[in-house]
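Pasting data_34.txt here (compact mmCIF, N, CA and C atoms):
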# COMPACT_ATOMS: atom_id res chain seq x y z
N MET A 31 15.99 -13.88 11.44
CA MET A 31 15.40 -12.61 11.83
C MET A 31 14.40 -12.19 10.76
N ILE A 32 13.24 -11.80 11.18
CA ILE A 32 12.20 -11.40 10.24
C ILE A 32 12.29 -9.91 10.01
N LYS A 33 12.19 -9.51 8.75
CA LYS A 33 12.22 -8.09 8.42
C LYS A 33 11.00 -7.74 7.60
N PHE A 34 10.56 -6.55 7.76
CA PHE A 34 9.42 -6.04 7.02
C PHE A 34 9.86 -4.74 6.36
N TYR A 35 9.62 -4.60 5.10
CA TYR A 35 10.01 -3.41 4.38
C TYR A 35 8.79 -2.82 3.71
N PHE A 36 8.71 -1.53 3.69
CA PHE A 36 7.67 -0.90 2.90
C PHE A 36 8.26 0.31 2.22
N ILE A 37 7.67 0.63 1.10
CA ILE A 37 8.17 1.71 0.27
C ILE A 37 6.98 2.53 -0.18
N VAL A 38 7.06 3.83 -0.01
CA VAL A 38 6.02 4.69 -0.52
C VAL A 38 6.39 5.04 -1.96
N LEU A 39 5.47 4.76 -2.86
CA LEU A 39 5.72 4.98 -4.28
C LEU A 39 4.74 6.00 -4.82
N ALA A 40 5.22 6.97 -5.55
CA ALA A 40 4.33 7.88 -6.25
C ALA A 40 3.83 7.18 -7.51
N LEU A 41 2.67 7.58 -7.96
CA LEU A 41 2.06 6.98 -9.14
C LEU A 41 3.05 6.99 -10.30
N PHE A 42 3.18 5.86 -10.97
CA PHE A 42 4.02 5.64 -12.13
C PHE A 42 5.52 5.67 -11.82
N LEU A 43 5.89 5.81 -10.56
CA LEU A 43 7.30 5.76 -10.20
C LEU A 43 7.57 4.46 -9.47
N VAL A 44 8.69 3.87 -9.77
CA VAL A 44 9.06 2.63 -9.11
C VAL A 44 10.38 2.87 -8.42
N GLY A 45 10.41 2.58 -7.13
CA GLY A 45 11.65 2.83 -6.42
C GLY A 45 11.92 1.76 -5.39
N CYS A 46 12.85 0.92 -5.66
CA CYS A 46 13.27 -0.08 -4.68
C CYS A 46 14.69 -0.45 -5.03
N ALA A 47 15.62 -0.03 -4.21
CA ALA A 47 17.02 -0.23 -4.54
C ALA A 47 17.58 -1.44 -3.81
N SER A 48 16.83 -2.51 -3.79
CA SER A 48 17.34 -3.71 -3.14
C SER A 48 17.42 -4.83 -4.16
N GLU A 49 17.81 -6.02 -3.68
CA GLU A 49 17.88 -7.17 -4.57
C GLU A 49 16.51 -7.79 -4.79
N ARG A 50 15.50 -7.31 -4.07
CA ARG A 50 14.13 -7.79 -4.22
C ARG A 50 13.55 -7.33 -5.56
N PRO A 51 12.61 -8.09 -6.11
CA PRO A 51 11.98 -7.64 -7.35
C PRO A 51 11.31 -6.29 -7.16
N LYS A 52 11.40 -5.46 -8.18
CA LYS A 52 10.78 -4.15 -8.10
C LYS A 52 9.27 -4.28 -8.11
N PHE A 53 8.62 -3.37 -7.42
CA PHE A 53 7.17 -3.34 -7.36
C PHE A 53 6.62 -2.94 -8.73
N LYS A 54 5.74 -3.76 -9.23
CA LYS A 54 5.05 -3.45 -10.48
C LYS A 54 3.57 -3.43 -10.16
N LYS A 55 2.99 -2.24 -10.22
CA LYS A 55 1.60 -2.12 -9.79
C LYS A 55 0.66 -2.98 -10.62
N GLU A 56 0.97 -3.18 -11.90
CA GLU A 56 0.11 -4.01 -12.76
C GLU A 56 0.08 -5.46 -12.32
N LYS A 57 1.12 -5.90 -11.62
CA LYS A 57 1.19 -7.30 -11.18
C LYS A 57 0.84 -7.47 -9.71
N THR A 58 0.66 -6.36 -8.99
CA THR A 58 0.41 -6.44 -7.56
C THR A 58 -0.93 -5.83 -7.15
N CYS A 59 -1.28 -4.69 -7.73
CA CYS A 59 -2.51 -4.01 -7.36
C CYS A 59 -3.72 -4.75 -7.91
N SER A 60 -4.83 -4.64 -7.20
CA SER A 60 -6.06 -5.30 -7.63
C SER A 60 -6.57 -4.68 -8.93
N HIS A 61 -7.45 -5.42 -9.60
CA HIS A 61 -8.06 -4.91 -10.83
C HIS A 61 -8.89 -3.66 -10.55
N VAL A 62 -9.50 -3.60 -9.38
CA VAL A 62 -10.28 -2.42 -9.00
C VAL A 62 -9.36 -1.20 -8.88
N SER A 63 -8.20 -1.39 -8.25
CA SER A 63 -7.24 -0.29 -8.11
C SER A 63 -6.71 0.15 -9.47
N LEU A 64 -6.38 -0.82 -10.32
CA LEU A 64 -5.86 -0.47 -11.64
C LEU A 64 -6.90 0.28 -12.46
N LYS A 65 -8.16 -0.14 -12.34
CA LYS A 65 -9.24 0.55 -13.05
C LYS A 65 -9.34 2.00 -12.55
N TYR A 66 -9.22 2.18 -11.24
CA TYR A 66 -9.26 3.52 -10.67
C TYR A 66 -8.08 4.37 -11.17
N LEU A 67 -6.88 3.80 -11.15
CA LEU A 67 -5.69 4.54 -11.56
C LEU A 67 -5.73 4.90 -13.04
N ASN A 68 -6.34 4.04 -13.85
CA ASN A 68 -6.37 4.27 -15.29
C ASN A 68 -7.56 5.11 -15.75
N ASN A 69 -8.44 5.44 -14.83
CA ASN A 69 -9.61 6.25 -15.17
C ASN A 69 -9.15 7.66 -15.56
N PRO A 70 -9.55 8.14 -16.76
CA PRO A 70 -9.12 9.48 -17.18
C PRO A 70 -9.49 10.58 -16.17
N ARG A 71 -10.56 10.38 -15.43
CA ARG A 71 -10.97 11.36 -14.41
C ARG A 71 -9.87 11.53 -13.35
N ASN A 72 -9.10 10.48 -13.13
CA ASN A 72 -8.09 10.53 -12.07
C ASN A 72 -6.69 10.87 -12.58
N GLN A 73 -6.56 11.05 -13.89
CA GLN A 73 -5.25 11.35 -14.45
C GLN A 73 -4.74 12.73 -14.02
N ASN A 74 -5.65 13.63 -13.62
CA ASN A 74 -5.23 14.96 -13.18
C ASN A 74 -4.78 14.99 -11.74
N LYS A 75 -5.00 13.91 -11.02
CA LYS A 75 -4.54 13.86 -9.63
C LYS A 75 -3.03 13.71 -9.60
N GLN A 76 -2.41 14.40 -8.68
CA GLN A 76 -0.96 14.39 -8.59
C GLN A 76 -0.49 13.31 -7.63
N PRO A 77 0.63 12.67 -7.94
CA PRO A 77 1.24 11.78 -6.94
C PRO A 77 1.65 12.63 -5.74
N ILE A 78 1.56 12.10 -4.56
CA ILE A 78 1.92 12.87 -3.37
C ILE A 78 3.23 12.36 -2.79
N ASN A 79 4.04 13.30 -2.37
CA ASN A 79 5.28 12.98 -1.68
C ASN A 79 5.40 13.94 -0.51
N SER A 80 4.66 13.63 0.54
CA SER A 80 4.60 14.48 1.72
C SER A 80 5.46 13.87 2.84
N PRO A 81 6.45 14.61 3.34
CA PRO A 81 7.26 14.08 4.44
C PRO A 81 6.42 13.70 5.66
N ASP A 82 5.39 14.49 5.94
CA ASP A 82 4.52 14.18 7.09
C ASP A 82 3.78 12.87 6.87
N LEU A 83 3.24 12.68 5.67
CA LEU A 83 2.53 11.45 5.37
C LEU A 83 3.49 10.26 5.37
N ASN A 84 4.68 10.46 4.82
CA ASN A 84 5.69 9.39 4.84
C ASN A 84 6.01 8.96 6.27
N MET A 85 6.12 9.93 7.18
CA MET A 85 6.41 9.61 8.58
C MET A 85 5.23 8.87 9.21
N LYS A 86 4.03 9.29 8.89
CA LYS A 86 2.84 8.63 9.44
C LYS A 86 2.77 7.18 8.95
N LEU A 87 3.04 6.97 7.67
CA LEU A 87 3.03 5.61 7.13
C LEU A 87 4.16 4.78 7.72
N ALA A 88 5.32 5.39 7.91
CA ALA A 88 6.44 4.67 8.53
C ALA A 88 6.10 4.25 9.95
N SER A 89 5.28 5.02 10.62
CA SER A 89 4.92 4.68 12.00
C SER A 89 4.02 3.44 12.07
N THR A 90 3.49 3.00 10.94
CA THR A 90 2.65 1.80 10.92
C THR A 90 3.49 0.52 10.82
N GLN A 91 4.80 0.66 10.66
CA GLN A 91 5.66 -0.50 10.39
C GLN A 91 5.54 -1.59 11.47
N LYS A 92 5.60 -1.21 12.73
CA LYS A 92 5.58 -2.21 13.79
C LYS A 92 4.25 -2.97 13.81
N SER A 93 3.15 -2.26 13.70
CA SER A 93 1.84 -2.91 13.70
C SER A 93 1.66 -3.79 12.47
N MET A 94 2.12 -3.32 11.31
CA MET A 94 2.00 -4.12 10.10
C MET A 94 2.88 -5.36 10.19
N GLN A 95 4.01 -5.24 10.85
CA GLN A 95 4.89 -6.39 11.05
C GLN A 95 4.16 -7.49 11.82
N LEU A 96 3.38 -7.11 12.82
CA LEU A 96 2.62 -8.09 13.60
C LEU A 96 1.56 -8.77 12.73
N CYS A 97 0.92 -8.00 11.85
CA CYS A 97 -0.06 -8.58 10.91
C CYS A 97 0.63 -9.63 10.04
N TYR A 98 1.81 -9.26 9.52
CA TYR A 98 2.56 -10.16 8.65
C TYR A 98 2.98 -11.44 9.38
N GLU A 99 3.53 -11.30 10.57
CA GLU A 99 4.00 -12.48 11.31
C GLU A 99 2.86 -13.44 11.62
N ASP A 100 1.72 -12.89 11.99
CA ASP A 100 0.54 -13.71 12.26
C ASP A 100 0.10 -14.44 10.99
N TYR A 101 0.06 -13.72 9.88
CA TYR A 101 -0.33 -14.31 8.59
C TYR A 101 0.65 -15.41 8.16
N LYS A 102 1.95 -15.12 8.31
CA LYS A 102 2.98 -16.08 7.92
C LYS A 102 2.87 -17.36 8.75
N ASN A 103 2.63 -17.21 10.03
CA ASN A 103 2.49 -18.38 10.90
C ASN A 103 1.26 -19.22 10.56
N ARG A 104 0.19 -18.56 10.12
CA ARG A 104 -1.04 -19.27 9.76
C ARG A 104 -0.95 -19.95 8.41
N THR A 105 -0.31 -19.29 7.42
CA THR A 105 -0.39 -19.75 6.04
C THR A 105 0.92 -20.30 5.48
N GLY A 106 2.05 -19.91 6.06
CA GLY A 106 3.35 -20.31 5.52
C GLY A 106 3.84 -19.40 4.41
N ASN A 107 3.03 -18.44 3.95
CA ASN A 107 3.47 -17.47 2.93
C ASN A 107 4.39 -16.46 3.59
N ASP A 108 5.68 -16.51 3.23
CA ASP A 108 6.62 -15.61 3.90
C ASP A 108 7.16 -14.51 2.99
N GLU A 109 6.75 -14.50 1.72
CA GLU A 109 7.25 -13.46 0.82
C GLU A 109 6.15 -13.06 -0.15
N PHE A 110 5.73 -11.81 -0.08
CA PHE A 110 4.70 -11.32 -0.99
C PHE A 110 4.67 -9.79 -0.94
N ASN A 111 4.04 -9.23 -1.95
CA ASN A 111 3.85 -7.78 -2.03
C ASN A 111 2.38 -7.47 -1.89
N THR A 112 2.09 -6.34 -1.30
CA THR A 112 0.72 -5.84 -1.29
C THR A 112 0.73 -4.45 -1.90
N CYS A 113 -0.44 -3.99 -2.25
CA CYS A 113 -0.59 -2.70 -2.89
C CYS A 113 -1.71 -1.94 -2.20
N MET A 114 -1.42 -0.72 -1.83
CA MET A 114 -2.45 0.15 -1.28
C MET A 114 -2.58 1.36 -2.19
N VAL A 115 -3.79 1.63 -2.64
CA VAL A 115 -4.05 2.80 -3.47
C VAL A 115 -5.04 3.69 -2.74
N VAL A 116 -4.68 4.96 -2.62
CA VAL A 116 -5.53 5.94 -1.96
C VAL A 116 -5.75 7.09 -2.94
N GLY A 117 -6.98 7.55 -3.03
CA GLY A 117 -7.29 8.71 -3.85
C GLY A 117 -8.04 9.74 -3.02
N VAL A 118 -7.58 10.99 -3.10
CA VAL A 118 -8.26 12.10 -2.43
C VAL A 118 -8.75 13.05 -3.52
N ASP A 119 -10.01 13.46 -3.43
CA ASP A 119 -10.59 14.26 -4.51
C ASP A 119 -10.25 15.74 -4.38
N TYR A 120 -10.78 16.53 -5.31
CA TYR A 120 -10.49 17.96 -5.40
C TYR A 120 -10.92 18.70 -4.14
N PHE A 121 -11.92 18.18 -3.45
CA PHE A 121 -12.43 18.84 -2.26
C PHE A 121 -11.71 18.40 -0.99
N GLY A 122 -10.76 17.48 -1.12
CA GLY A 122 -10.00 17.01 0.03
C GLY A 122 -10.62 15.82 0.73
N ASN A 123 -11.60 15.19 0.10
CA ASN A 123 -12.26 14.02 0.68
C ASN A 123 -11.65 12.73 0.14
N LEU A 124 -11.56 11.74 0.98
CA LEU A 124 -11.08 10.43 0.54
C LEU A 124 -12.12 9.82 -0.39
N ASP A 125 -11.76 9.58 -1.64
CA ASP A 125 -12.74 9.01 -2.56
C ASP A 125 -12.38 7.61 -3.03
N PHE A 126 -11.22 7.10 -2.62
CA PHE A 126 -10.86 5.73 -2.97
C PHE A 126 -9.84 5.21 -1.97
N TYR A 127 -10.02 3.95 -1.56
CA TYR A 127 -9.07 3.32 -0.65
C TYR A 127 -9.14 1.82 -0.90
N GLU A 128 -8.03 1.21 -1.25
CA GLU A 128 -8.01 -0.22 -1.54
C GLU A 128 -6.67 -0.80 -1.10
N PHE A 129 -6.71 -1.85 -0.32
CA PHE A 129 -5.51 -2.57 0.11
C PHE A 129 -5.67 -4.00 -0.41
N SER A 130 -4.71 -4.49 -1.19
CA SER A 130 -4.89 -5.80 -1.83
C SER A 130 -3.55 -6.37 -2.28
N SER A 131 -3.62 -7.54 -2.90
CA SER A 131 -2.43 -8.16 -3.48
C SER A 131 -2.85 -9.16 -4.54
N GLN A 132 -2.17 -9.12 -5.67
CA GLN A 132 -2.33 -10.18 -6.66
C GLN A 132 -1.26 -11.25 -6.47
N ASP A 133 -0.25 -10.97 -5.64
CA ASP A 133 0.82 -11.94 -5.39
C ASP A 133 0.30 -13.19 -4.70
N VAL A 134 -0.50 -12.99 -3.66
CA VAL A 134 -1.03 -14.10 -2.87
C VAL A 134 -2.47 -13.82 -2.52
N LYS A 135 -3.21 -14.86 -2.16
CA LYS A 135 -4.57 -14.67 -1.67
C LYS A 135 -4.49 -14.34 -0.19
N LEU A 136 -4.86 -13.13 0.13
CA LEU A 136 -4.79 -12.68 1.52
C LEU A 136 -6.06 -13.11 2.24
N ASP A 137 -5.89 -13.69 3.42
CA ASP A 137 -7.08 -14.13 4.15
C ASP A 137 -7.73 -12.96 4.88
N GLU A 138 -8.95 -13.20 5.34
CA GLU A 138 -9.74 -12.14 5.97
C GLU A 138 -9.07 -11.59 7.24
N THR A 139 -8.40 -12.45 7.99
CA THR A 139 -7.75 -12.01 9.22
C THR A 139 -6.63 -11.02 8.92
N PHE A 140 -5.80 -11.34 7.92
CA PHE A 140 -4.73 -10.43 7.54
C PHE A 140 -5.30 -9.12 7.02
N MET A 141 -6.33 -9.21 6.18
CA MET A 141 -6.92 -8.00 5.61
C MET A 141 -7.48 -7.10 6.70
N GLN A 142 -8.18 -7.67 7.66
CA GLN A 142 -8.73 -6.87 8.75
C GLN A 142 -7.62 -6.21 9.56
N CYS A 143 -6.54 -6.93 9.79
CA CYS A 143 -5.40 -6.40 10.53
C CYS A 143 -4.75 -5.25 9.75
N ALA A 144 -4.48 -5.48 8.47
CA ALA A 144 -3.83 -4.46 7.64
C ALA A 144 -4.71 -3.23 7.48
N LEU A 145 -6.00 -3.45 7.29
CA LEU A 145 -6.91 -2.31 7.14
C LEU A 145 -7.01 -1.51 8.43
N ALA A 146 -6.96 -2.19 9.56
CA ALA A 146 -7.00 -1.49 10.85
C ALA A 146 -5.76 -0.62 11.02
N VAL A 147 -4.63 -1.08 10.50
CA VAL A 147 -3.38 -0.32 10.62
C VAL A 147 -3.37 0.85 9.63
N THR A 148 -3.56 0.56 8.35
CA THR A 148 -3.43 1.61 7.33
C THR A 148 -4.65 2.52 7.28
N GLY A 149 -5.79 2.02 7.71
CA GLY A 149 -7.00 2.83 7.68
C GLY A 149 -7.03 3.92 8.74
N GLN A 150 -6.12 3.87 9.69
CA GLN A 150 -6.07 4.89 10.74
C GLN A 150 -5.47 6.21 10.25
N VAL A 151 -4.77 6.17 9.13
CA VAL A 151 -4.14 7.38 8.60
C VAL A 151 -5.24 8.27 8.01
N GLN A 152 -5.23 9.53 8.38
CA GLN A 152 -6.21 10.49 7.86
C GLN A 152 -5.67 11.11 6.57
N TYR A 153 -5.79 10.35 5.48
CA TYR A 153 -5.19 10.76 4.20
C TYR A 153 -5.71 12.12 3.74
N ALA A 154 -6.96 12.42 4.02
CA ALA A 154 -7.55 13.69 3.57
C ALA A 154 -6.87 14.90 4.23
N ASP A 155 -6.12 14.69 5.31
CA ASP A 155 -5.42 15.79 5.97
C ASP A 155 -4.15 16.21 5.22
N TYR A 156 -3.76 15.48 4.19
CA TYR A 156 -2.47 15.72 3.54
C TYR A 156 -2.59 16.38 2.17
N GLY A 157 -3.73 16.97 1.89
CA GLY A 157 -3.86 17.70 0.64
C GLY A 157 -5.12 17.35 -0.13
N ARG A 158 -5.20 17.89 -1.36
CA ARG A 158 -6.36 17.68 -2.20
C ARG A 158 -5.93 17.14 -3.55
N ASN A 159 -6.80 16.37 -4.14
CA ASN A 159 -6.61 15.92 -5.52
C ASN A 159 -5.29 15.18 -5.71
N PHE A 160 -5.04 14.18 -4.88
CA PHE A 160 -3.80 13.41 -5.03
C PHE A 160 -4.08 11.91 -5.02
N ILE A 161 -3.11 11.18 -5.52
CA ILE A 161 -3.13 9.73 -5.53
C ILE A 161 -1.87 9.24 -4.81
N LEU A 162 -2.06 8.24 -3.98
CA LEU A 162 -0.94 7.58 -3.30
C LEU A 162 -0.97 6.11 -3.66
N VAL A 163 0.15 5.59 -4.11
CA VAL A 163 0.29 4.15 -4.34
C VAL A 163 1.43 3.69 -3.44
N GLN A 164 1.13 2.73 -2.57
CA GLN A 164 2.16 2.24 -1.66
C GLN A 164 2.26 0.73 -1.76
N SER A 165 3.49 0.25 -1.83
CA SER A 165 3.76 -1.18 -1.81
C SER A 165 4.32 -1.56 -0.45
N TYR A 166 3.72 -2.56 0.15
CA TYR A 166 4.29 -3.18 1.34
C TYR A 166 4.91 -4.49 0.88
N GLN A 167 6.20 -4.65 1.07
CA GLN A 167 6.89 -5.87 0.67
C GLN A 167 7.24 -6.65 1.93
N PHE A 168 6.73 -7.87 2.00
CA PHE A 168 6.92 -8.70 3.18
C PHE A 168 7.83 -9.88 2.82
N TYR A 169 8.86 -10.07 3.60
CA TYR A 169 9.69 -11.26 3.43
C TYR A 169 10.53 -11.51 4.67
N GLU A 170 10.97 -12.74 4.79
CA GLU A 170 11.78 -13.15 5.93
C GLU A 170 13.24 -13.18 5.51
N ASP A 171 14.09 -12.59 6.31
CA ASP A 171 15.53 -12.59 6.01
C ASP A 171 16.27 -13.50 6.95

What would you get if you wrote out this structure as structure tokens?
Amino acid sequence: MIKFYFIVLALFLVGCASERPKFKKEKTCSHVSLKYLNNPRNQNKQPINSPDLNMKLASTQKSMQLCYEDYKNRTGNDEFNTCMVVGVDYFGNLDFYEFSSQDVKLDETFMQCALAVTGQVQYADYGRNFILVQSYQFYED
């Protein structure tokens, strides 16, 4: 049975209470995302923990599962982490969005699928001046 797990993580917080390796943004997020997160201009942005946003992201699980299964069937990679970093500025506009992985080389088909799923969320509707870091952990059980 194939399972897909995702965890919404606030910046600098790590939360995964399973036997899987904990998400480490330095080892999973792209260099572009890490540069954005470490920029002093963005240090004043607050991590977001919005129940509404969490529900919206949870609703992407089924579609993201299909992206994963298609990718796994094409490449044979059945276990990897991805990192999504979203930044919303002081005016409530989306000023950064990056979906990536340092765990594996993601092909263009998977990226287009994942971006179509996660890009549908209207992050700017959930507040101003915040950062969201989300790990999607994919593996077969």

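Here CA of Leu145 (chain A) stands at a distance of 13.7 Å from atom C of Lys86 (chain A).
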
(Q) Need to verify the contact set: Phe140 (chain A), 8 Å, only N, CA and C atoms, exclusion of same-chain residues closer than 2 positions in sequence. Can you return it as a ChimeraX atom specification? (A) /A:97-98,100-101,136-138,142-146

Can you list every residue of region 72-134 of chain A that has an atom at most 10 Å from region 150-154 of chain A, with its nearest atom pair and the distance in Å to one decimal, using only C-alpha atoms, ordered by chain then number, as JSON lines?
{"residue": "A:Leu83", "atom": "CA", "partner": "A:Tyr153", "partner_atom": "CA", "distance": 7.8}
{"residue": "A:Lys86", "atom": "CA", "partner": "A:Val151", "partner_atom": "CA", "distance": 7.1}
{"residue": "A:Leu87", "atom": "CA", "partner": "A:Val151", "partner_atom": "CA", "distance": 7.5}
{"residue": "A:Thr90", "atom": "CA", "partner": "A:Val151", "partner_atom": "CA", "distance": 9.1}
{"residue": "A:Val116", "atom": "CA", "partner": "A:Tyr153", "partner_atom": "CA", "distance": 7.8}
{"residue": "A:Gly117", "atom": "CA", "partner": "A:Tyr153", "partner_atom": "CA", "distance": 8.6}
{"residue": "A:Val118", "atom": "CA", "partner": "A:Ala154", "partner_atom": "CA", "distance": 6.2}
{"residue": "A:Asp119", "atom": "CA", "partner": "A:Ala154", "partner_atom": "CA", "distance": 8.7}
{"residue": "A:Phe121", "atom": "CA", "partner": "A:Ala154", "partner_atom": "CA", "distance": 9.2}
{"residue": "A:Gly122", "atom": "CA", "partner": "A:Ala154", "partner_atom": "CA", "distance": 5.4}
{"residue": "A:Asn123", "atom": "CA", "partner": "A:Ala154", "partner_atom": "CA", "distance": 5.5}
{"residue": "A:Leu124", "atom": "CA", "partner": "A:Ala154", "partner_atom": "CA", "distance": 5.7}
{"residue": "A:Asp125", "atom": "CA", "partner": "A:Ala154", "partner_atom": "CA", "distance": 9.3}
{"residue": "A:Tyr127", "atom": "CA", "partner": "A:Tyr153", "partner_atom": "CA", "distance": 9.7}

(Q) Residues of region 42-150 of chain A classed as helix (DSSP H, G or I) by DSSP on the backbone are to be reported as a PyMOL selection string. (A) chain A and resi 55-58+61-68+70-72+81-88+91-105+138-148

Q: Run DSSP on the backbone of this structure and report the residues of chain A it assigns to strand (DSSP E), as a ChimeraX atom specification.
A: /A:32-39,76-77,110-118,124-130,160-170

Q: Find the spatial neighbours of Thr112 (chain A), counting all atoms listed in the file, within a cut-off of 6 Å - ignore same-chain residues fewer than 3 positions away - and output them as a ChimeraX atom specification.
A: /A:58,130-131,164-168

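Straight-line separation from CA of Ile161 (chain A) to CA of Met94 (chain A): 21.5 Å.
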
Q: Would you mind telling me which residue in A:Asp108, A:Pro81, A:Gln95, A:Glu128 lies nearest to His61 (chain A) when using only C-alpha atoms?
A: A:Glu128

Kindly compute an axis-aligned box around the listed atoms of region 161-169 of chain A, allowing 3 Å on each side, and express its centre and edge lengths in Å to one decimal as AutoDock Vina command-line options.
--center_x 3.7 --center_y -0.2 --center_z -0.4 --size_x 19.7 --size_y 28.7 --size_z 16.2

Q | Atomic separation - CA of Arg158 (chain A) relative to atom N of Ile78 (chain A), Å | A | 10.0 Å

Q) Can you tell me, as a list in words, which residues sit within 5 Å of (-4.5, 3.4, -4.4) in the file's frame, using all atoms listed in the file? A) Met114, Val115, Val116, Leu162 and Val163 of chain A

Those same residues, written as a PDB file, in the frame of the given file with N, CA and C atoms?
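For reference, again_19.pdb as written:
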ATOM      1  N   MET A 114      -1.420  -0.720  -1.830  1.00  0.00           N
ATOM      2  CA  MET A 114      -2.450   0.150  -1.280  1.00  0.00           C
ATOM      3  C   MET A 114      -2.580   1.360  -2.190  1.00  0.00           C
ATOM      4  N   VAL A 115      -3.790   1.630  -2.640  1.00  0.00           N
ATOM      5  CA  VAL A 115      -4.050   2.800  -3.470  1.00  0.00           C
ATOM      6  C   VAL A 115      -5.040   3.690  -2.740  1.00  0.00           C
ATOM      7  N   VAL A 116      -4.680   4.960  -2.620  1.00  0.00           N
ATOM      8  CA  VAL A 116      -5.530   5.940  -1.960  1.00  0.00           C
ATOM      9  C   VAL A 116      -5.750   7.090  -2.940  1.00  0.00           C
ATOM     10  N   LEU A 162      -2.060   8.240  -3.980  1.00  0.00           N
ATOM     11  CA  LEU A 162      -0.940   7.580  -3.300  1.00  0.00           C
ATOM     12  C   LEU A 162      -0.970   6.110  -3.660  1.00  0.00           C
ATOM     13  N   VAL A 163       0.150   5.590  -4.110  1.00  0.00           N
ATOM     14  CA  VAL A 163       0.290   4.150  -4.340  1.00  0.00           C
ATOM     15  C   VAL A 163       1.430   3.690  -3.440  1.00  0.00           C
TER      16      VAL A 163
END
